[in-house]
Every structure is written in C-alpha cells, then in structure tokens.
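Asker: Below is the file model_0.cif, with mmCIF, C-alpha atoms.
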data_protein
#
loop_
_atom_site.label_atom_id
_atom_site.label_comp_id
_atom_site.auth_asym_id
_atom_site.auth_seq_id
_atom_site.Cartn_x
_atom_site.Cartn_y
_atom_site.Cartn_z
CA MET A 1 0.00 0.00 0.00
CA VAL A 2 2.76 2.43 0.97
CA LEU A 3 4.90 1.60 -2.07
CA LYS A 4 1.90 1.85 -4.38
CA THR A 5 0.87 5.23 -2.98
CA PHE A 6 4.32 6.78 -2.53
CA GLY A 7 6.14 5.01 -5.40
CA TRP A 8 6.27 8.04 -7.68
CA SER A 9 7.30 10.28 -4.79
CA PHE A 10 10.20 7.95 -3.91
CA ALA A 11 11.31 7.92 -7.56
CA ILE A 12 11.12 11.72 -7.89
CA THR A 13 13.04 12.07 -4.61
CA ALA A 14 15.89 9.89 -5.88
CA LEU A 15 16.06 11.74 -9.21
CA GLY A 16 15.85 15.15 -7.49
CA LEU A 17 18.63 14.42 -5.00
CA VAL A 18 20.91 13.04 -7.73
CA ALA A 19 20.18 16.12 -9.86
CA ALA A 20 21.03 18.39 -6.88
CA LEU A 21 24.31 16.54 -6.32
CA LEU A 22 25.26 16.83 -9.99
CA TYR A 23 24.16 20.47 -10.15
CA GLY A 24 25.99 21.60 -7.05
CA SER A 25 27.55 19.54 -4.30
CA TRP A 26 26.67 17.70 -1.11
CA GLU A 27 25.63 21.05 0.30
CA ALA A 28 23.15 21.47 -2.58
CA LEU A 29 21.79 17.99 -1.86
CA GLY A 30 21.32 18.95 1.80
CA ILE A 31 19.48 22.16 0.87
CA VAL A 32 17.12 20.24 -1.43
CA ALA A 33 16.46 17.71 1.33
CA ILE A 34 15.68 20.50 3.84
CA LEU A 35 13.39 22.24 1.33
CA SER A 36 11.55 18.98 0.70
CA ILE A 37 11.01 18.43 4.43
CA LEU A 38 9.96 22.07 4.84
CA GLU A 39 7.37 21.78 2.07
CA ILE A 40 5.99 18.52 3.46
CA SER A 41 5.79 19.82 7.02
CA LEU A 42 4.15 23.12 6.05
CA SER A 43 1.72 21.43 3.66
CA PHE A 44 0.58 18.58 5.90
CA ASP A 45 -2.54 20.50 6.84
CA ASN A 46 -3.07 21.07 3.13
CA ALA A 47 -3.01 17.30 2.60
CA VAL A 48 -5.53 16.83 5.41
CA VAL A 49 -7.91 19.40 3.90
CA ASN A 50 -7.42 17.94 0.42
CA ALA A 51 -8.18 14.45 1.66
CA GLY A 52 -11.37 15.57 3.39
CA ILE A 53 -12.69 16.99 0.12
CA LEU A 54 -11.14 14.45 -2.24
CA LYS A 55 -12.90 11.51 -0.57
CA LYS A 56 -16.24 13.00 -1.68
CA MET A 57 -15.20 12.93 -5.34
CA ASN A 58 -15.60 10.01 -7.72
CA ALA A 59 -12.63 8.13 -9.19
CA PHE A 60 -12.59 10.27 -12.36
CA TRP A 61 -12.27 13.61 -10.54
CA GLN A 62 -9.78 12.16 -8.07
CA LYS A 63 -7.63 11.19 -11.04
CA ILE A 64 -8.00 14.69 -12.55
CA PHE A 65 -6.86 16.24 -9.27
CA LEU A 66 -3.90 13.89 -8.98
CA THR A 67 -2.74 14.48 -12.60
CA ILE A 68 -3.68 17.96 -13.81
CA GLY A 69 -3.63 19.17 -10.21
CA VAL A 70 -0.07 17.92 -9.76
CA LEU A 71 1.05 19.72 -12.92
CA ILE A 72 -0.47 22.97 -11.66
CA ALA A 73 0.96 22.51 -8.17
CA VAL A 74 4.48 21.39 -9.09
CA PHE A 75 5.19 23.25 -12.34
CA GLY A 76 2.95 26.24 -11.75
CA MET A 77 3.27 27.24 -8.12
CA ARG A 78 6.59 25.58 -7.22
CA LEU A 79 8.59 26.25 -10.41
CA VAL A 80 7.12 29.33 -12.09
CA PHE A 81 6.02 31.28 -9.04
CA PRO A 82 9.53 31.69 -7.49
CA VAL A 83 10.79 33.10 -10.80
CA VAL A 84 7.83 35.49 -10.98
CA ILE A 85 8.52 36.70 -7.42
CA VAL A 86 12.14 37.48 -8.26
CA ALA A 87 11.22 39.06 -11.60
CA ILE A 88 8.64 41.39 -10.04
CA SER A 89 10.76 42.26 -7.02
CA ALA A 90 13.91 42.92 -9.07
CA LYS A 91 11.91 44.59 -11.90
CA ILE A 92 13.28 42.34 -14.64
CA GLY A 93 11.63 39.98 -17.11
CA PRO A 94 10.98 36.32 -16.14
CA ILE A 95 13.28 35.08 -18.92
CA ASP A 96 16.03 37.43 -17.76
CA ALA A 97 15.53 36.19 -14.20
CA VAL A 98 15.96 32.57 -15.31
CA ASN A 99 18.99 33.41 -17.46
CA LEU A 100 20.65 35.27 -14.62
CA ALA A 101 19.95 32.44 -12.19
CA LEU A 102 21.59 29.94 -14.51
CA THR A 103 24.40 31.97 -16.09
CA ASP A 104 25.29 34.80 -13.70
CA LYS A 105 24.60 33.63 -10.17
CA ASN A 106 26.51 36.47 -8.54
CA ARG A 107 24.37 39.11 -10.26
CA TYR A 108 21.23 37.07 -9.56
CA GLN A 109 22.30 36.84 -5.91
CA GLU A 110 22.65 40.63 -5.78
CA LEU A 111 19.18 41.14 -7.27
CA VAL A 112 17.59 38.69 -4.85
CA THR A 113 19.43 40.25 -1.90
CA ASP A 114 18.19 43.70 -2.93
CA ALA A 115 14.66 42.31 -3.34
CA HIS A 116 14.71 40.35 -0.08
CA PRO A 117 13.00 43.02 2.08
CA SER A 118 9.97 43.09 -0.23
CA ILE A 119 9.88 39.29 -0.56
CA ALA A 120 10.16 38.78 3.19
CA ALA A 121 7.57 41.47 4.02
CA PHE A 122 5.09 40.07 1.48
CA GLY A 123 5.57 36.48 2.62
CA GLY A 124 5.75 37.34 6.30
CA MET A 125 2.36 39.09 6.21
CA PHE A 126 0.75 36.32 4.17
CA LEU A 127 1.98 33.58 6.50
CA LEU A 128 1.18 35.63 9.61
CA MET A 129 -2.45 35.94 8.49
CA ILE A 130 -2.71 32.17 7.98
CA PHE A 131 -1.39 31.59 11.49
CA LEU A 132 -3.50 34.28 13.17
CA ASP A 133 -6.75 33.15 11.53
CA PHE A 134 -6.03 29.62 12.74
CA ILE A 135 -5.02 30.49 16.30
CA PHE A 136 -7.97 32.85 16.87
CA GLU A 137 -10.54 30.26 15.74
CA ASP A 138 -12.34 28.38 18.50
CA ARG A 139 -11.68 24.66 17.94
CA ASP A 140 -13.04 21.61 19.74
CA ILE A 141 -9.58 20.04 19.86
CA LYS A 142 -6.84 22.17 21.38
CA TRP A 143 -3.17 21.25 21.45
CA LEU A 144 -1.64 23.93 23.72
CA ALA A 145 -4.87 24.57 25.61
CA TRP A 146 -3.34 27.09 28.04
CA LEU A 147 -2.58 29.33 25.04
CA GLU A 148 -5.34 28.45 22.58
CA ARG A 149 -8.32 28.90 24.95
CA PRO A 150 -7.73 32.62 25.71
CA LEU A 151 -6.77 33.32 22.09
CA ALA A 152 -10.00 31.69 20.87
CA LYS A 153 -11.96 34.06 23.14
CA LEU A 154 -10.09 37.05 21.71
CA GLY A 155 -10.81 35.70 18.23
CA LYS A 156 -14.49 36.65 18.62
CA ILE A 157 -13.44 40.25 17.92
CA ASP A 158 -14.04 40.98 14.24
CA MET A 159 -11.00 41.64 12.02
CA LEU A 160 -8.58 41.02 14.90
CA SER A 161 -6.16 39.06 12.73
CA ALA A 162 -5.92 41.81 10.13
CA CYS A 163 -5.48 44.49 12.83
CA ILE A 164 -2.63 42.60 14.52
CA ALA A 165 -0.95 41.91 11.17
CA LEU A 166 -1.13 45.61 10.26
CA ILE A 167 0.28 46.60 13.66
CA VAL A 168 3.18 44.18 13.17
CA LEU A 169 3.76 45.60 9.68
CA VAL A 170 3.78 49.21 10.89
CA ILE A 171 6.14 48.39 13.77
CA THR A 172 8.47 46.59 11.35
CA ALA A 173 8.46 49.54 8.94
CA MET A 174 8.94 52.06 11.77
CA THR A 175 11.92 50.07 13.00
CA PHE A 176 13.55 50.43 9.59
CA ALA A 177 12.60 54.12 9.43
CA THR A 178 14.26 54.70 12.82
CA GLN A 179 17.39 52.86 11.72
CA ALA A 180 17.43 54.85 8.48
CA HIS A 181 17.28 58.10 10.42
CA GLN A 182 20.15 56.98 12.63
CA HIS A 183 22.24 56.20 9.56
CA GLY A 184 21.62 59.51 7.84
CA GLY A 185 18.59 58.38 5.82
CA ALA A 186 20.45 55.80 3.77
CA HIS A 187 17.65 53.24 4.04
CA VAL A 188 14.54 55.42 3.96
CA ASP A 189 13.21 53.59 0.90
CA LYS A 190 13.54 50.28 2.73
CA ALA A 191 10.77 51.20 5.18
CA GLN A 192 8.49 52.18 2.31
CA THR A 193 9.27 48.91 0.52
CA VAL A 194 8.39 46.92 3.63
CA LEU A 195 5.08 48.78 4.04
CA ILE A 196 4.00 48.36 0.42
CA SER A 197 5.10 44.73 0.10
CA GLY A 198 3.55 43.78 3.43
CA ALA A 199 0.26 45.42 2.44
CA LEU A 200 0.31 43.48 -0.85
CA GLY A 201 0.86 40.25 1.09
CA LEU A 202 -2.15 41.04 3.26
CA ILE A 203 -4.29 41.88 0.20
CA THR A 204 -3.21 38.67 -1.53
CA TYR A 205 -4.25 36.63 1.49
CA MET A 206 -7.67 38.29 1.55
CA ILE A 207 -8.19 37.68 -2.19
CA VAL A 208 -7.20 34.01 -1.92
CA GLY A 209 -9.37 33.62 1.19
CA GLY A 210 -12.28 35.25 -0.63
CA LEU A 211 -11.93 32.90 -3.59
CA SER A 212 -11.67 29.89 -1.31
CA GLY A 213 -14.81 30.98 0.53
CA TYR A 214 -16.64 31.51 -2.75
CA PHE A 215 -15.81 28.04 -4.06
CA GLU A 216 -16.66 26.49 -0.71
CA ASN A 217 -20.09 28.17 -0.74
CA LYS A 218 -20.69 27.04 -4.34
CA LEU A 219 -19.73 23.52 -3.33
CA GLU A 220 -22.23 23.53 -0.46
CA GLU A 221 -24.96 24.88 -2.77
CA GLU A 222 -24.29 22.18 -5.37
CA GLU A 223 -24.30 19.40 -2.76
CA GLU A 224 -27.57 20.71 -1.33
CA ALA A 225 -29.14 20.93 -4.80
CA GLU A 226 -27.95 17.42 -5.60
CA HIS A 227 -29.47 16.07 -2.39
CA GLU A 228 -32.81 17.81 -3.08
CA ALA A 229 -32.87 16.42 -6.64
CA GLU A 230 -32.29 12.90 -5.34
CA GLU A 231 -35.08 13.22 -2.76
CA ALA A 232 -37.52 14.61 -5.33
CA ALA A 233 -36.69 11.80 -7.75
CA LYS A 234 -37.25 9.17 -5.07
CA LYS A 235 -40.66 10.62 -4.07
CA SER A 236 -41.89 10.80 -7.67
CA GLY A 237 -40.65 7.32 -8.49
CA LYS A 238 -38.40 8.61 -11.25
CA PRO A 239 -34.80 7.45 -11.75
CA VAL A 240 -32.30 9.35 -9.64
CA THR A 241 -30.33 11.60 -12.02
CA ALA A 242 -27.49 12.68 -9.79
CA ILE A 243 -24.70 12.11 -12.28
CA ALA A 244 -24.77 15.61 -13.80
CA MET A 245 -25.08 17.22 -10.40
CA ALA A 246 -22.25 15.14 -9.02
CA GLY A 247 -20.08 16.17 -11.96
CA LYS A 248 -20.85 19.86 -11.42
CA ALA A 249 -20.25 19.60 -7.69
CA ALA A 250 -17.01 17.73 -8.31
CA PHE A 251 -15.89 20.46 -10.71
CA PHE A 252 -16.36 23.08 -7.99
CA MET A 253 -14.53 20.77 -5.58
CA PHE A 254 -11.63 20.67 -8.03
CA LEU A 255 -11.53 24.47 -8.36
CA TYR A 256 -11.75 24.85 -4.59
CA LEU A 257 -8.88 22.40 -4.07
CA GLU A 258 -6.69 24.24 -6.57
CA VAL A 259 -7.29 27.59 -4.87
CA LEU A 260 -6.51 26.03 -1.50
CA ASP A 261 -3.38 24.40 -2.87
CA ALA A 262 -2.24 27.71 -4.34
CA SER A 263 -2.73 29.45 -1.01
CA PHE A 264 -0.86 26.76 0.92
CA SER A 265 1.97 26.73 -1.62
CA PHE A 266 2.76 30.39 -0.84
CA ASP A 267 4.24 29.45 2.53
CA GLY A 268 6.55 26.83 1.05
CA VAL A 269 7.69 29.08 -1.81
CA ILE A 270 8.17 32.14 0.38
CA GLY A 271 9.80 30.08 3.11
CA ALA A 272 12.21 28.65 0.56
CA PHE A 273 13.65 32.12 -0.03
CA ALA A 274 14.72 32.12 3.61
CA ILE A 275 16.81 29.01 2.91
CA THR A 276 18.19 29.53 -0.61
CA ASN A 277 18.05 31.97 -3.52
CA ASP A 278 18.95 29.31 -6.10
CA ILE A 279 15.81 28.69 -8.17
CA VAL A 280 17.08 25.31 -9.39
CA LEU A 281 17.52 23.98 -5.85
CA MET A 282 14.25 25.64 -4.86
CA ALA A 283 12.38 23.98 -7.71
CA LEU A 284 13.87 20.56 -6.93
CA GLY A 285 13.14 20.74 -3.20
CA LEU A 286 9.61 22.15 -3.47
CA GLY A 287 8.78 19.80 -6.37
CA ILE A 288 9.76 16.76 -4.30
CA GLY A 289 7.77 18.06 -1.34
CA ALA A 290 4.69 18.72 -3.49
CA MET A 291 4.77 15.13 -4.76
CA TYR A 292 4.76 13.82 -1.19
CA VAL A 293 1.86 16.08 -0.29
CA ARG A 294 -0.14 14.61 -3.17
CA SER A 295 0.81 11.04 -2.19
CA LEU A 296 -0.03 11.78 1.43
CA THR A 297 -3.44 13.08 0.36
CA VAL A 298 -4.17 9.82 -1.45
CA TYR A 299 -2.89 7.78 1.49
CA LEU A 300 -5.14 9.62 3.95
CA VAL A 301 -8.15 9.08 1.69
CA ARG A 302 -7.51 5.37 1.16
CA GLN A 303 -6.60 4.63 4.77
CA GLY A 304 -9.34 6.80 6.26
CA THR A 305 -7.07 7.94 9.10
CA LEU A 306 -7.61 11.70 8.99
CA ASP A 307 -8.51 11.88 12.67
CA ASP A 308 -5.76 9.66 14.08
CA TYR A 309 -3.22 12.42 14.74
CA VAL A 310 -5.34 15.40 15.70
CA TYR A 311 -2.57 17.81 16.67
CA LEU A 312 -0.67 17.69 13.37
CA GLU A 313 -2.72 20.52 11.89
CA HIS A 314 -1.91 22.63 14.94
CA GLY A 315 1.81 21.88 14.60
CA ALA A 316 1.75 22.84 10.92
CA HIS A 317 0.15 26.20 11.66
CA TYR A 318 2.55 26.95 14.51
CA ALA A 319 5.34 26.23 12.04
CA ILE A 320 3.77 28.72 9.63
CA GLY A 321 3.64 31.33 12.41
CA ALA A 322 7.29 30.72 13.31
CA LEU A 323 8.29 31.01 9.67
CA ALA A 324 6.41 34.32 9.36
CA VAL A 325 8.37 35.74 12.28
CA ILE A 326 11.65 34.42 10.87
CA LEU A 327 10.98 36.04 7.50
CA LEU A 328 10.25 39.42 9.08
CA VAL A 329 13.39 39.17 11.20
CA THR A 330 15.53 38.29 8.14
CA ILE A 331 14.65 41.65 6.59
CA GLN A 332 17.24 43.14 8.91
CA HIS A 333 19.12 40.23 10.52
CA GLU A 334 20.53 37.07 8.99
CA ILE A 335 19.32 33.73 10.41
CA ASN A 336 21.10 30.43 9.82
CA GLU A 337 19.42 28.33 7.11
CA VAL A 338 19.52 25.19 9.23
CA ILE A 339 17.52 26.88 12.00
CA THR A 340 14.94 28.09 9.50
CA GLY A 341 14.59 24.67 7.89
CA LEU A 342 14.37 22.70 11.15
CA VAL A 343 11.86 24.89 13.03
CA GLY A 344 8.93 23.45 11.08
CA VAL A 345 10.22 19.88 11.37
CA VAL A 346 10.57 20.18 15.17
CA LEU A 347 7.06 21.61 15.60
CA ILE A 348 5.51 18.93 13.37
CA ALA A 349 7.39 16.18 15.22
CA TRP A 350 6.26 17.61 18.57
CA SER A 351 2.62 17.73 17.47
CA PHE A 352 2.86 14.17 16.12
CA TRP A 353 4.34 12.94 19.41
CA SER A 354 1.56 14.74 21.32
CA SER A 355 -1.03 13.06 19.08
CA VAL A 356 0.45 9.62 19.73
CA ARG A 357 0.45 10.25 23.50
CA ARG A 358 -3.17 11.40 23.32
CA ASN A 359 -4.19 8.27 21.41
CA LYS A 360 -2.45 6.01 23.94
CA ARG A 361 -4.10 7.85 26.84
CA LEU A 362 -7.56 7.53 25.28
CA GLU A 363 -6.93 3.85 24.56
CA LEU A 364 -5.86 3.29 28.17
CA GLU A 365 -8.89 5.14 29.50
CA GLY A 366 -11.14 3.04 27.26
CA SER A 367 -9.58 -0.19 28.49
CA THR A 368 -9.94 0.93 32.13
CA ALA A 369 -13.61 1.82 31.59
CA GLU A 370 -14.35 -1.58 30.06
CA ALA A 371 -12.64 -3.32 32.97
#
Could you write out this structure as structure tokens?

Answerer:
Amino acid sequence: MVLKTFGWSFAITALGLVAALLYGSWEALGIVAILSILEISLSFDNAVVNAGILKKMNAFWQKIFLTIGVLIAVFGMRLVFPVVIVAISAKIGPIDAVNLALTDKNRYQELVTDAHPSIAAFGGMFLLMIFLDFIFEDRDIKWLAWLERPLAKLGKIDMLSACIALIVLVITAMTFATQAHQHGGAHVDKAQTVLISGALGLITYMIVGGLSGYFENKLEEEEEAEHEAEEAAKKSGKPVTAIAMAGKAAFFMFLYLEVLDASFSFDGVIGAFAITNDIVLMALGLGIGAMYVRSLTVYLVRQGTLDDYVYLEHGAHYAIGALAVILLVTIQHEINEVITGLVGVVLIAWSFWSSVRRNKRLELEGSTAEA
C-alpha cells in the first residue's frame, strides 16, 4: 500500500537528489532535502484538507486532481512562481531572471538580496495571516490549551487578525525608518518597501481567502441541490439523475482544491527564499515536497485515518507562524538556514508525538472503563 501510494514520490526524490548533487555539491543535496522536508511539514494540513474533500469525489475527478492538479501545483506554483517573485521584485523579465539564475549567479544573488525586504515582508504578512486566523478560531480540539483557549476568546473580535498583522507591519516599517534616520537616511526607501510589500501580502491573502470561501459556498450549494434532486426523484418514483449534479459539484470541488493548494503553496515558496536563492535547488526541493503532499493526500483518503493524529494541523500552523516571524526578522538580521529549515520539522514532530500520547491515553482510559 505504501509503495503503491508513494512510489512516484520515492522515484522523484531519488532523481531530485541526484540532480542536486550533480548540479551543485553535497551542500546542494542537503538544501534540497531540507526544502523537501519544509514543504511537506508546512503542507501537511493542506493534505488533510485535500483528503477531506477528495474523498467526496468520484474516481474520475480524483484522477483529474492527482494528474492535472499535480502539474499545476508542481510546475505552476513551485517552479514558475519563485521566478515570478524574483522578476517582479527585481523589476526584470521572467526570462532574464531565469537566465541570470543559470548563467550569472553572482548578479542574480545581488538582485535577490536587494529584493529580499519586499519578498520577506510580502511572505511574512501572508503567513502571519494564515497563522492568526487559525489560532484565533475556536476549535473543539486544542493542542496547547493554556494558550489556545484565551486566544480563541479574543478571536471573537471581528478583524482582529488583520489588525494585529497591520500593527506588526507598521512596527516593522517604523523600525527600519528609525534605523534609516540613525544612519543619515540611507535606508529610507527600505521602510516604504516593507510597508507596500507587506500590504500586498495582506491583500493577496484576503483575495485568496475570498476565492476559497466563494468556491466552498458554491460547493455547499451544489451538494444541497444534488441532495434535493435525489429526494424529489425518489418521491416521484423517477430514476435518480445525480450524475450531472455530481459532476458539477465535483468540478467546484476541483476548483476549490486548486485555490486552497495555491494558497498553501505560498508558505513553502516564500519560506524557501529564507533558505536559498537558487531557483534550481528551490524547484527541486519544493517539487519533491509537493509530490509527497499529493501522495499523502491519497494515502489519507484510502486509509481513512484523517482523525488519528489530531494535533498535526496545529503543529503545521505553529510552524507557519514561526516562519512568518523568521521572515520578518531576516529583513534586517541574517538567520542560519539550518535553523529556519528545522523549526517546522521540530514543531511537526512535537505535534505528532503529542497526538500519539493522546491516542495512547484515550486507549488506556477506554480499556480501564471496560474493565
């Protein structure tokens, strides 16, 4: 079962690591491995959400999601998007960005370094909103209850996440403005760049969230209409014609999944810039990670074990929050790549361990009750 589900992912991993070794060195191989783990850890909650929706789809639409969806996810968001980010930030054409990355790495490195404040501010705000919206939502299952209970109560205040994100953005920009003043105004533009890029990150999050909400509402409407059509057909004695409705509902499911996947891929792509500026290594690492996310989605659907490890989603979102803070800090201060790459892995491992302990405790309590 594992080999059948993860076979392609294992093959892509082997090819990707060999390609990294041939392209660079053992250090390049290590960076690709860290990026792969980062993508998997940050996208685990994406796999859980995907699996919850994918299990409602028939075999045809599941296949569409796992073929066309993979092409969009791997080649679109993980390969093209990093180039677009650099091209926009450095104000050069996408083809020029690729050519520089492959032929003049020193110049490309300079452009990316110059563009880093805008990239980090954009990504930091986007990831911070994902984390804040999660942590302020009142959930039945709480991992760090001492922290999540009071935050869930605060979350009843409308627009709190956006307000906090804007406050963080303003403080960050003011910090740079103060430093610029102390250094004779040499970095005045840097504060403006942080403000504009951070605001764009916040706007992007709201647009993606709006689209996701739209598709989710359309999905609910289609499922409700399908159910009503089935009931009406049963009462009148006519054949149940749910095939067309199921196809339409599945189409909206597919669109919804793609929007969700795009939104979740932002954190991996943006986080990758905190680890490396090499688009080849970035593409290899994120591509490998995206394949595992897809395989994991299928595995969760086929095994039906979405609820076994209930704290993993929490761990993934805490990792997103930590990465948001790291990105904002790297605007001004350099942070070791190993620390950045391992933060998410540690939080995911901690949440997994907590889930296992919870399952054992519940099993023990059940056995004691039966006795």

Asker: Mind giving me the straight-line distance from atom CA of A:Met174 to atom CA of A:Gln192 in Å, one decimal?

Answerer: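 These atoms are spaced 9.5 Å apart.
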
Asker: If you measure from atom CA of A:Ser355 to atom CA of A:Leu312, what distance in Å do you get, rounded to one decimal?

Answerer: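 Computing the Euclidean distance for atom CA of A:Ser355 and atom CA of A:Leu312 yields 7.4 Å.
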
Asker: Record the distance separating atom CA of A:Glu220 and atom CA of A:Ile68, expressed in Å with one decimal.

Answerer: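 For atom CA of A:Glu220 relative to atom CA of A:Ile68, the distance reads 23.5 Å.
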
Asker: Just the residues within 9 Å of A:Glu148, please, counting all atoms listed in the file, with nothing from its chain fewer than 2 positions along; format it as number ranges by chain.

Answerer: A: 135-139, 142-146, 150-153

Asker: Given only C-alpha atoms as the basis, pick out the residue of A:Asp278, A:Gly285, A:Ala14, A:Thr368 nearest to A:Thr113.

Answerer: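 Residue with the minimum atom-to-atom distance to A:Thr113: A:Asp278.
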
Asker: Expand the PyMOL selection byres ((chain A and resi 84) around 12) into the individual residues it matches in the shown file, reporting them as a count of residues only.

Answerer: 27

Asker: So which one's closest to A:Ala120, A:Asn106, A:Ser295, A:Ser9, A:Thr330? Using all atoms listed in the file, please.

Answerer: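 So, comparing all the options, the nearest one is A:Thr330.
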
Asker: Give the answer as one residue: which of A:Glu39, A:Asp104, A:Glu365, A:Glu226 has the shortest atom-to-atom distance to A:Arg294, using all atoms listed in the file?

Answerer: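 When distances to A:Arg294 are compared using all atoms listed in the file, the smallest one comes from A:Glu39.
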
Asker: Determine, counting all atoms listed in the file, which protein, DNA and RNA residues have an atom within 7 Å of an atom of A:Glu258; residues of the same chain fewer than 4 positions away are not included. Present the result as a PyMOL selection string.

Answerer: chain A and resi 69+254+262

Asker: Using only C-alpha atoms, which protein or nucleic acid residues come within 7 Å of stretch 165-167 of chain A? Drop anything in the same chain fewer than 5 positions from it, and give the result as a PyMOL selection string.

Answerer: chain A and resi 125+128-129

Asker: Which residues, written as a PDB file with C-alpha atoms, in the frame of the given file, have at least one atom at most 12 Å from stretch 17-24 of chain A, with all atoms listed in the file counted and residues fewer than 6 positions away on the same chain left out?

Answerer:
ATOM      1  CA  PHE A  10      10.200   7.950  -3.910  1.00  0.00           C
ATOM      2  CA  ALA A  11      11.310   7.920  -7.560  1.00  0.00           C
ATOM      3  CA  GLY A  30      21.320  18.950   1.800  1.00  0.00           C
ATOM      4  CA  ILE A  31      19.480  22.160   0.870  1.00  0.00           C
ATOM      5  CA  VAL A  32      17.120  20.240  -1.430  1.00  0.00           C
ATOM      6  CA  ALA A  33      16.460  17.710   1.330  1.00  0.00           C
ATOM      7  CA  ILE A  34      15.680  20.500   3.840  1.00  0.00           C
ATOM      8  CA  LEU A  35      13.390  22.240   1.330  1.00  0.00           C
ATOM      9  CA  SER A  36      11.550  18.980   0.700  1.00  0.00           C
ATOM     10  CA  LEU A 102      21.590  29.940 -14.510  1.00  0.00           C
ATOM     11  CA  ASP A 278      18.950  29.310  -6.100  1.00  0.00           C
ATOM     12  CA  ILE A 279      15.810  28.690  -8.170  1.00  0.00           C
ATOM     13  CA  VAL A 280      17.080  25.310  -9.390  1.00  0.00           C
ATOM     14  CA  LEU A 281      17.520  23.980  -5.850  1.00  0.00           C
ATOM     15  CA  MET A 282      14.250  25.640  -4.860  1.00  0.00           C
ATOM     16  CA  ALA A 283      12.380  23.980  -7.710  1.00  0.00           C
ATOM     17  CA  LEU A 284      13.870  20.560  -6.930  1.00  0.00           C
ATOM     18  CA  GLY A 285      13.140  20.740  -3.200  1.00  0.00           C
ATOM     19  CA  LEU A 286       9.610  22.150  -3.470  1.00  0.00           C
ATOM     20  CA  GLY A 287       8.780  19.800  -6.370  1.00  0.00           C
ATOM     21  CA  ILE A 288       9.760  16.760  -4.300  1.00  0.00           C
TER      22      ILE A 288
END

Asker: I'd like the neighbourhood of A:Ile40 as a list in words, where a residue qualifies if any of its atoms comes within 8 Å (using only C-alpha atoms), though same-chain residues fewer than 4 positions away should be ignored.

Answerer: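 Residues meeting the cut-off are Ser36, Phe44, Gly289, Ala290, Tyr292 and Val293 of chain A.
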